[in-house]
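> My file is data00.txt. It has compact mmCIF, C-alpha atoms:
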```
# COMPACT_ATOMS: atom_id res chain seq x y z
CA SER G 1 30.53 -65.19 -31.07
CA LEU G 2 31.68 -63.28 -34.10
CA ILE G 3 29.47 -65.45 -36.29
CA LYS G 4 26.39 -64.47 -34.26
CA SER G 5 27.31 -60.79 -34.49
CA GLN G 6 27.83 -61.06 -38.24
CA ARG G 7 24.47 -62.80 -38.64
CA ILE G 8 22.75 -59.97 -36.74
CA LYS G 9 24.39 -57.38 -39.01
CA ARG G 10 23.58 -59.31 -42.18
CA ASN G 11 19.91 -59.86 -41.33
CA ALA G 12 19.27 -56.33 -40.07
CA ILE G 13 17.34 -53.90 -42.24
CA ALA G 14 19.31 -50.97 -40.81
CA ILE G 15 22.96 -50.27 -40.17
CA VAL G 16 23.78 -51.97 -36.88
CA GLU G 17 26.75 -52.97 -34.76
CA ALA G 18 26.38 -55.96 -32.48
CA ILE G 19 28.38 -57.71 -29.79
CA SER G 20 27.38 -61.02 -28.23
CA ALA G 21 27.88 -62.42 -24.73
CA GLU G 22 30.76 -64.60 -25.89
CA ASP G 23 32.57 -61.59 -27.34
CA ILE G 24 31.89 -59.56 -24.19
CA GLY G 25 33.28 -62.38 -22.03
CA LYS G 26 36.55 -62.46 -23.99
CA LEU G 27 37.26 -58.82 -23.17
CA PRO G 28 38.66 -57.61 -19.82
CA ASP G 29 35.93 -55.01 -19.36
CA SER G 30 34.44 -54.22 -15.97
CA SER G 31 31.32 -52.55 -17.35
CA ILE G 32 29.29 -52.75 -20.52
CA ALA G 33 30.40 -49.20 -21.41
CA ASP G 34 33.91 -50.48 -22.17
CA SER G 35 32.53 -53.25 -24.38
CA ILE G 36 30.24 -50.89 -26.30
CA ALA G 37 33.09 -48.41 -26.83
CA ARG G 38 35.02 -51.09 -28.77
CA LEU G 39 32.37 -51.09 -31.52
CA PRO G 40 32.99 -48.99 -34.67
CA GLY G 41 31.40 -45.54 -34.58
CA ILE G 42 30.97 -45.59 -30.81
CA ALA G 43 32.99 -43.47 -28.38
CA ALA G 44 33.05 -43.50 -24.60
CA GLN G 45 33.33 -40.56 -22.27
CA ARG G 46 35.63 -41.42 -19.40
CA LEU G 47 35.13 -40.34 -15.80
CA ASP G 48 37.88 -41.16 -13.27
CA GLY G 49 39.55 -43.49 -15.77
CA ARG G 50 36.54 -45.65 -16.58
CA ALA G 51 34.07 -45.44 -19.43
CA SER G 52 30.82 -43.95 -18.21
CA ARG G 53 28.76 -42.51 -21.05
CA VAL G 54 28.60 -43.55 -24.69
CA THR G 55 28.14 -41.45 -27.83
CA VAL G 56 27.08 -42.75 -31.23
CA ARG G 57 28.51 -41.37 -34.50
CA GLY G 58 29.95 -38.27 -32.82
CA PHE G 59 26.60 -36.97 -31.59
CA GLY G 60 26.12 -36.04 -27.95
CA GLU G 61 24.54 -38.36 -25.45
CA ASN G 62 21.25 -36.44 -25.71
CA GLU G 63 20.94 -37.47 -29.37
CA SER G 64 20.75 -41.23 -28.82
CA SER G 65 18.30 -43.46 -27.01
CA THR G 66 18.89 -46.55 -24.92
CA THR G 67 16.65 -49.55 -24.39
CA PHE G 68 17.10 -52.26 -21.78
CA ASN G 69 15.56 -55.54 -22.93
CA GLY G 70 13.42 -53.54 -25.34
CA ARG G 71 12.17 -51.03 -22.75
CA GLU G 72 13.17 -47.38 -22.75
CA GLN G 73 15.99 -46.67 -20.32
CA VAL G 74 15.72 -43.38 -18.47
CA SER G 75 18.53 -41.29 -17.10
CA ILE G 76 19.11 -40.27 -13.52
CA GLY G 77 20.47 -36.91 -14.65
CA ASP G 78 18.96 -33.89 -16.34
CA ASN G 79 19.59 -35.23 -19.85
CA ARG G 80 18.97 -38.42 -21.84
CA GLY G 81 22.43 -39.89 -21.34
CA VAL G 82 22.59 -43.25 -19.57
CA GLU G 83 25.45 -44.16 -17.25
CA PHE G 84 26.53 -47.46 -18.77
CA ASP G 85 29.17 -48.07 -16.12
CA LEU G 86 26.37 -49.05 -13.73
CA TYR G 87 25.81 -52.27 -15.70
CA PRO G 88 28.40 -55.05 -15.27
CA SER G 89 29.36 -56.78 -18.49
CA GLU G 90 28.75 -60.22 -16.93
CA ILE G 91 24.95 -59.84 -16.99
CA MET G 92 24.71 -58.90 -20.67
CA ALA G 93 23.75 -61.40 -23.37
CA GLY G 94 24.46 -58.87 -26.08
CA VAL G 95 24.28 -55.29 -27.26
CA THR G 96 22.92 -54.05 -30.57
CA VAL G 97 23.53 -50.48 -31.70
CA TYR G 98 21.15 -49.25 -34.41
CA LYS G 99 22.89 -46.41 -36.25
CA THR G 100 20.10 -45.57 -38.69
CA PRO G 101 16.36 -45.02 -38.21
CA ASN G 102 14.16 -48.08 -38.24
CA ALA G 103 10.37 -48.30 -38.30
CA THR G 104 10.37 -50.97 -35.59
CA LEU G 105 12.15 -48.67 -33.12
CA ASP G 106 10.79 -45.65 -31.33
CA ALA G 107 11.89 -42.41 -32.97
CA GLU G 108 13.83 -41.16 -29.99
CA GLY G 109 17.43 -40.72 -30.99
CA ILE G 110 18.75 -39.08 -34.13
CA ALA G 111 22.21 -40.61 -33.54
CA GLY G 112 20.95 -44.12 -32.94
CA ASN G 113 19.54 -46.59 -30.47
CA ILE G 114 21.56 -48.76 -28.08
CA ASP G 115 19.69 -51.94 -27.13
CA LEU G 116 21.05 -53.81 -24.11
CA GLN G 117 19.96 -57.43 -23.69
CA THR G 118 20.49 -59.24 -20.40
CA ILE G 119 21.04 -62.94 -19.92
CA ARG G 120 17.77 -64.82 -19.57
CA PRO G 121 18.28 -68.01 -17.57
CA LEU G 122 15.08 -69.72 -18.73
CA SER G 123 15.71 -69.24 -22.44
CA THR G 124 18.02 -72.14 -23.14
CA SER G 125 19.04 -73.40 -26.52
CA SER G 126 19.61 -76.92 -27.76
CA GLU G 127 23.36 -76.28 -27.63
CA ASN G 128 23.47 -76.74 -23.85
CA LYS G 129 24.63 -80.12 -22.61
CA PHE G 130 24.75 -81.40 -19.06
CA GLN G 131 26.82 -84.28 -17.77
CA PHE G 132 26.59 -85.76 -14.29
CA ASN G 133 29.13 -88.16 -12.86
CA GLY G 134 28.72 -90.06 -9.66
```
Spit out the file's structure as structure tokens when you get a sec.

Amino acid sequence: SLIKSQRIKRNAIAIVEAISAEDIGKLPDSSIADSIARLPGIAAQRLDGRASRVTVRGFGENESSTTFNGREQVSIGDNRGVEFDLYPSEIMAGVTVYKTPNATLDAEGIAGNIDLQTIRPLSTSSENKFQFNG
């Protein structure tokens, strides 16, 4: 929710933008590229009417890095740009965009780092409740 995103921004030691699964689910986006493009300082490049690639702070796609659950995401093209339209928004638990350098991140992108986190079915919280009726 917005509270979770604000908590991530407040506790971060760098300038970050974050969006949680609840916020992603409220938006009518078909891919995670559309959801990321709604964040401040992020722009999407559209191909055939859909958001495909993402740029951070006006830099080109070669100037940012992308991680997928903390692992470096590689491109299928001849540059470092990742095609975000390949990832449906339904599988994402959240996205954090680091806009400034951070010692805990690999020094890969001068524009920033986009960290995609997928839903993990075995990591449940105490907020989940189940009710069975028979």
> Could you pull the residues within 8 Å of region 24-33 of chain G, counting all atoms listed in the file, minus those fewer than 3 positions along the same chain, as a list in words?
Ile19, Ser20, Ala21, Ile36, Ala37, Ala44, Ala51, Ser52, Arg53, Val54, Phe84, Asp85, Leu86, Tyr87, Pro88, Ser89, Glu90, Met92 and Gly94 of chain G
> Restrict the selected residues to C-alpha atoms and save them as a PDB file, keeping the file's coordinate frame.

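Listing of again.pdb after writing:
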```pdb
ATOM      1  CA  ILE G  19      28.380 -57.710 -29.790  1.00  0.00           C
ATOM      2  CA  SER G  20      27.380 -61.020 -28.230  1.00  0.00           C
ATOM      3  CA  ALA G  21      27.880 -62.420 -24.730  1.00  0.00           C
ATOM      4  CA  ILE G  36      30.240 -50.890 -26.300  1.00  0.00           C
ATOM      5  CA  ALA G  37      33.090 -48.410 -26.830  1.00  0.00           C
ATOM      6  CA  ALA G  44      33.050 -43.500 -24.600  1.00  0.00           C
ATOM      7  CA  ALA G  51      34.070 -45.440 -19.430  1.00  0.00           C
ATOM      8  CA  SER G  52      30.820 -43.950 -18.210  1.00  0.00           C
ATOM      9  CA  ARG G  53      28.760 -42.510 -21.050  1.00  0.00           C
ATOM     10  CA  VAL G  54      28.600 -43.550 -24.690  1.00  0.00           C
ATOM     11  CA  PHE G  84      26.530 -47.460 -18.770  1.00  0.00           C
ATOM     12  CA  ASP G  85      29.170 -48.070 -16.120  1.00  0.00           C
ATOM     13  CA  LEU G  86      26.370 -49.050 -13.730  1.00  0.00           C
ATOM     14  CA  TYR G  87      25.810 -52.270 -15.700  1.00  0.00           C
ATOM     15  CA  PRO G  88      28.400 -55.050 -15.270  1.00  0.00           C
ATOM     16  CA  SER G  89      29.360 -56.780 -18.490  1.00  0.00           C
ATOM     17  CA  GLU G  90      28.750 -60.220 -16.930  1.00  0.00           C
ATOM     18  CA  MET G  92      24.710 -58.900 -20.670  1.00  0.00           C
ATOM     19  CA  GLY G  94      24.460 -58.870 -26.080  1.00  0.00           C
TER      20      GLY G  94
END
```
> Between G:Gln73, G:Asn62, G:Thr55, G:Asn79, which residue has the minimum interatomic distance to Ala43 (chain G), considering only C-alpha atoms?
G:Thr55
> Taking all atoms of region 9-27 of chain G that appear in the file, build a box with edges along x, y and z, extend it by 4 Å on every side, and state its centre and edge lengths in Å to one decimal, as AutoDock Vina command-line options.

```
--center_x 27.3 --center_y -57.4 --center_z -32.1 --size_x 27.9 --size_y 22.3 --size_z 28.2
```
> When you draw a straight line from CA of Val95 (chain G) to CA of Arg46 (chain G), how long is it in Å?
19.6 Å
> Using only C-alpha atoms for the distances, tell me which of G:Val97, G:Ile15, G:Phe132, G:Glu83 is nearest to Arg50 (chain G).
G:Glu83
> Between G:Glu17, G:Ile91, G:Ile76, G:Ile8, single out the one closest to Gly112 (chain G), counting only C-alpha atoms.
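Going through G:Glu17, G:Ile91, G:Ile76, G:Ile8 one by one, the smallest distance to Gly112 (chain G) is for G:Glu17.
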> Give me, please, the distance in Å between CA of Val16 (chain G) and CA of Gly60 (chain G), quoted to one decimal.
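The value is 18.4 Å.
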> Which is closest to Gly81 (chain G) among G:Asn11, G:Ser35, G:Ser64, G:Thr96, if we use all atoms listed in the file?
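Nearest candidate to Gly81 (chain G) out of G:Asn11, G:Ser35, G:Ser64, G:Thr96: G:Ser64.
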> How many Å lie between CA of Tyr98 (chain G) and CA of Ile114 (chain G), rounded to one decimal?
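For CA of Tyr98 (chain G) relative to CA of Ile114 (chain G), the distance reads 6.4 Å.
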> Of the candidates G:Ala111, G:Ile3, G:Ala103, G:Ile119, which one gets nearest to Glu63 (chain G) if we count all atoms listed in the file?
G:Ala111
> So that I can check the surroundings of Pro101 (chain G), please list as a PyMOL selection string every protein, DNA and RNA residue that reaches within 10 Å of it, counting all atoms listed in the file and ignoring chain neighbours fewer than 6 positions away.
chain G and resi 13-15+107-113
> Using C-alpha atoms, can you export the residues from the last selection as a compact mmCIF listing (two decimals), in the coordinates of the input?

```txt
# COMPACT_ATOMS: atom_id res chain seq x y z
CA ILE G 13 17.34 -53.90 -42.24
CA ALA G 14 19.31 -50.97 -40.81
CA ILE G 15 22.96 -50.27 -40.17
CA ALA G 107 11.89 -42.41 -32.97
CA GLU G 108 13.83 -41.16 -29.99
CA GLY G 109 17.43 -40.72 -30.99
CA ILE G 110 18.75 -39.08 -34.13
CA ALA G 111 22.21 -40.61 -33.54
CA GLY G 112 20.95 -44.12 -32.94
CA ASN G 113 19.54 -46.59 -30.47
```
> Can you put N, CA and C atoms back into region 64-98 of chain G and show it as a PDB file, keeping the file's coordinate frame?

```
ATOM      1  N   SER G  64      20.978 -39.799 -28.639  1.00  0.00           N
ATOM      2  CA  SER G  64      20.750 -41.230 -28.820  1.00  0.00           C
ATOM      3  C   SER G  64      19.822 -41.735 -27.720  1.00  0.00           C
ATOM      4  N   SER G  65      19.188 -42.851 -27.997  1.00  0.00           N
ATOM      5  CA  SER G  65      18.300 -43.460 -27.010  1.00  0.00           C
ATOM      6  C   SER G  65      18.854 -44.809 -26.600  1.00  0.00           C
ATOM      7  N   THR G  66      18.429 -45.272 -25.446  1.00  0.00           N
ATOM      8  CA  THR G  66      18.890 -46.550 -24.920  1.00  0.00           C
ATOM      9  C   THR G  66      17.688 -47.366 -24.478  1.00  0.00           C
ATOM     10  N   THR G  67      17.680 -48.628 -24.864  1.00  0.00           N
ATOM     11  CA  THR G  67      16.650 -49.550 -24.390  1.00  0.00           C
ATOM     12  C   THR G  67      17.317 -50.681 -23.632  1.00  0.00           C
ATOM     13  N   PHE G  68      16.622 -51.182 -22.634  1.00  0.00           N
ATOM     14  CA  PHE G  68      17.100 -52.260 -21.780  1.00  0.00           C
ATOM     15  C   PHE G  68      16.102 -53.392 -21.890  1.00  0.00           C
ATOM     16  N   ASN G  69      16.476 -54.437 -22.604  1.00  0.00           N
ATOM     17  CA  ASN G  69      15.560 -55.540 -22.930  1.00  0.00           C
ATOM     18  C   ASN G  69      14.318 -55.034 -23.654  1.00  0.00           C
ATOM     19  N   GLY G  70      14.507 -54.059 -24.534  1.00  0.00           N
ATOM     20  CA  GLY G  70      13.420 -53.540 -25.340  1.00  0.00           C
ATOM     21  C   GLY G  70      12.618 -52.422 -24.697  1.00  0.00           C
ATOM     22  N   ARG G  71      12.890 -52.106 -23.452  1.00  0.00           N
ATOM     23  CA  ARG G  71      12.170 -51.030 -22.750  1.00  0.00           C
ATOM     24  C   ARG G  71      13.053 -49.791 -22.678  1.00  0.00           C
ATOM     25  N   GLU G  72      12.415 -48.633 -22.778  1.00  0.00           N
ATOM     26  CA  GLU G  72      13.170 -47.380 -22.750  1.00  0.00           C
ATOM     27  C   GLU G  72      13.897 -47.223 -21.427  1.00  0.00           C
ATOM     28  N   GLN G  73      15.161 -46.886 -21.513  1.00  0.00           N
ATOM     29  CA  GLN G  73      15.990 -46.670 -20.320  1.00  0.00           C
ATOM     30  C   GLN G  73      16.025 -45.177 -20.045  1.00  0.00           C
ATOM     31  N   VAL G  74      15.715 -44.791 -18.831  1.00  0.00           N
ATOM     32  CA  VAL G  74      15.720 -43.380 -18.470  1.00  0.00           C
ATOM     33  C   VAL G  74      17.006 -43.041 -17.740  1.00  0.00           C
ATOM     34  N   SER G  75      17.305 -41.774 -17.718  1.00  0.00           N
ATOM     35  CA  SER G  75      18.530 -41.290 -17.100  1.00  0.00           C
ATOM     36  C   SER G  75      18.240 -40.800 -15.691  1.00  0.00           C
ATOM     37  N   ILE G  76      19.270 -40.814 -14.860  1.00  0.00           N
ATOM     38  CA  ILE G  76      19.110 -40.270 -13.520  1.00  0.00           C
ATOM     39  C   ILE G  76      19.519 -38.797 -13.473  1.00  0.00           C
ATOM     40  N   GLY G  77      20.033 -38.294 -14.574  1.00  0.00           N
ATOM     41  CA  GLY G  77      20.470 -36.910 -14.650  1.00  0.00           C
ATOM     42  C   GLY G  77      19.426 -36.027 -15.307  1.00  0.00           C
ATOM     43  N   ASP G  78      19.868 -34.847 -15.713  1.00  0.00           N
ATOM     44  CA  ASP G  78      18.960 -33.890 -16.340  1.00  0.00           C
ATOM     45  C   ASP G  78      18.982 -33.984 -17.860  1.00  0.00           C
ATOM     46  N   ASN G  79      19.582 -35.038 -18.406  1.00  0.00           N
ATOM     47  CA  ASN G  79      19.590 -35.230 -19.850  1.00  0.00           C
ATOM     48  C   ASN G  79      19.246 -36.678 -20.162  1.00  0.00           C
ATOM     49  N   ARG G  80      19.366 -37.066 -21.426  1.00  0.00           N
ATOM     50  CA  ARG G  80      18.970 -38.420 -21.840  1.00  0.00           C
ATOM     51  C   ARG G  80      20.101 -39.427 -21.772  1.00  0.00           C
ATOM     52  N   GLY G  81      21.278 -39.000 -21.394  1.00  0.00           N
ATOM     53  CA  GLY G  81      22.430 -39.890 -21.340  1.00  0.00           C
ATOM     54  C   GLY G  81      22.313 -40.917 -20.223  1.00  0.00           C
ATOM     55  N   VAL G  82      22.644 -42.150 -20.534  1.00  0.00           N
ATOM     56  CA  VAL G  82      22.590 -43.250 -19.570  1.00  0.00           C
ATOM     57  C   VAL G  82      23.998 -43.545 -19.084  1.00  0.00           C
ATOM     58  N   GLU G  83      24.152 -43.795 -17.807  1.00  0.00           N
ATOM     59  CA  GLU G  83      25.450 -44.160 -17.250  1.00  0.00           C
ATOM     60  C   GLU G  83      25.644 -45.660 -17.405  1.00  0.00           C
ATOM     61  N   PHE G  84      26.353 -46.044 -18.445  1.00  0.00           N
ATOM     62  CA  PHE G  84      26.530 -47.460 -18.770  1.00  0.00           C
ATOM     63  C   PHE G  84      27.482 -48.165 -17.814  1.00  0.00           C
ATOM     64  N   ASP G  85      28.257 -47.413 -17.052  1.00  0.00           N
ATOM     65  CA  ASP G  85      29.170 -48.070 -16.120  1.00  0.00           C
ATOM     66  C   ASP G  85      28.448 -48.679 -14.927  1.00  0.00           C
ATOM     67  N   LEU G  86      27.162 -48.437 -14.801  1.00  0.00           N
ATOM     68  CA  LEU G  86      26.370 -49.050 -13.730  1.00  0.00           C
ATOM     69  C   LEU G  86      26.029 -50.502 -14.030  1.00  0.00           C
ATOM     70  N   TYR G  87      26.187 -50.918 -15.289  1.00  0.00           N
ATOM     71  CA  TYR G  87      25.810 -52.270 -15.700  1.00  0.00           C
ATOM     72  C   TYR G  87      27.070 -53.124 -15.879  1.00  0.00           C
ATOM     73  N   PRO G  88      27.231 -54.171 -15.072  1.00  0.00           N
ATOM     74  CA  PRO G  88      28.400 -55.050 -15.270  1.00  0.00           C
ATOM     75  C   PRO G  88      28.266 -55.832 -16.566  1.00  0.00           C
ATOM     76  N   SER G  89      29.384 -56.083 -17.199  1.00  0.00           N
ATOM     77  CA  SER G  89      29.360 -56.780 -18.490  1.00  0.00           C
ATOM     78  C   SER G  89      28.959 -58.244 -18.334  1.00  0.00           C
ATOM     79  N   GLU G  90      29.060 -58.804 -17.139  1.00  0.00           N
ATOM     80  CA  GLU G  90      28.750 -60.220 -16.930  1.00  0.00           C
ATOM     81  C   GLU G  90      27.267 -60.542 -17.081  1.00  0.00           C
ATOM     82  N   ILE G  91      26.392 -59.555 -16.915  1.00  0.00           N
ATOM     83  CA  ILE G  91      24.950 -59.840 -16.990  1.00  0.00           C
ATOM     84  C   ILE G  91      24.377 -59.635 -18.385  1.00  0.00           C
ATOM     85  N   MET G  92      25.203 -59.207 -19.329  1.00  0.00           N
ATOM     86  CA  MET G  92      24.710 -58.900 -20.670  1.00  0.00           C
ATOM     87  C   MET G  92      24.823 -60.096 -21.608  1.00  0.00           C
ATOM     88  N   ALA G  93      23.740 -60.359 -22.330  1.00  0.00           N
ATOM     89  CA  ALA G  93      23.750 -61.400 -23.370  1.00  0.00           C
ATOM     90  C   ALA G  93      24.181 -60.814 -24.700  1.00  0.00           C
ATOM     91  N   GLY G  94      24.058 -59.506 -24.844  1.00  0.00           N
ATOM     92  CA  GLY G  94      24.460 -58.870 -26.080  1.00  0.00           C
ATOM     93  C   GLY G  94      24.040 -57.415 -26.112  1.00  0.00           C
ATOM     94  N   VAL G  95      24.615 -56.697 -27.040  1.00  0.00           N
ATOM     95  CA  VAL G  95      24.280 -55.290 -27.260  1.00  0.00           C
ATOM     96  C   VAL G  95      24.164 -55.083 -28.756  1.00  0.00           C
ATOM     97  N   THR G  96      23.096 -54.414 -29.172  1.00  0.00           N
ATOM     98  CA  THR G  96      22.920 -54.050 -30.570  1.00  0.00           C
ATOM     99  C   THR G  96      22.777 -52.542 -30.654  1.00  0.00           C
ATOM    100  N   VAL G  97      23.585 -51.925 -31.499  1.00  0.00           N
ATOM    101  CA  VAL G  97      23.530 -50.480 -31.700  1.00  0.00           C
ATOM    102  C   VAL G  97      22.971 -50.227 -33.084  1.00  0.00           C
ATOM    103  N   TYR G  98      21.785 -49.616 -33.142  1.00  0.00           N
ATOM    104  CA  TYR G  98      21.150 -49.250 -34.410  1.00  0.00           C
ATOM    105  C   TYR G  98      21.609 -47.839 -34.760  1.00  0.00           C
TER     106      TYR G  98
END
```
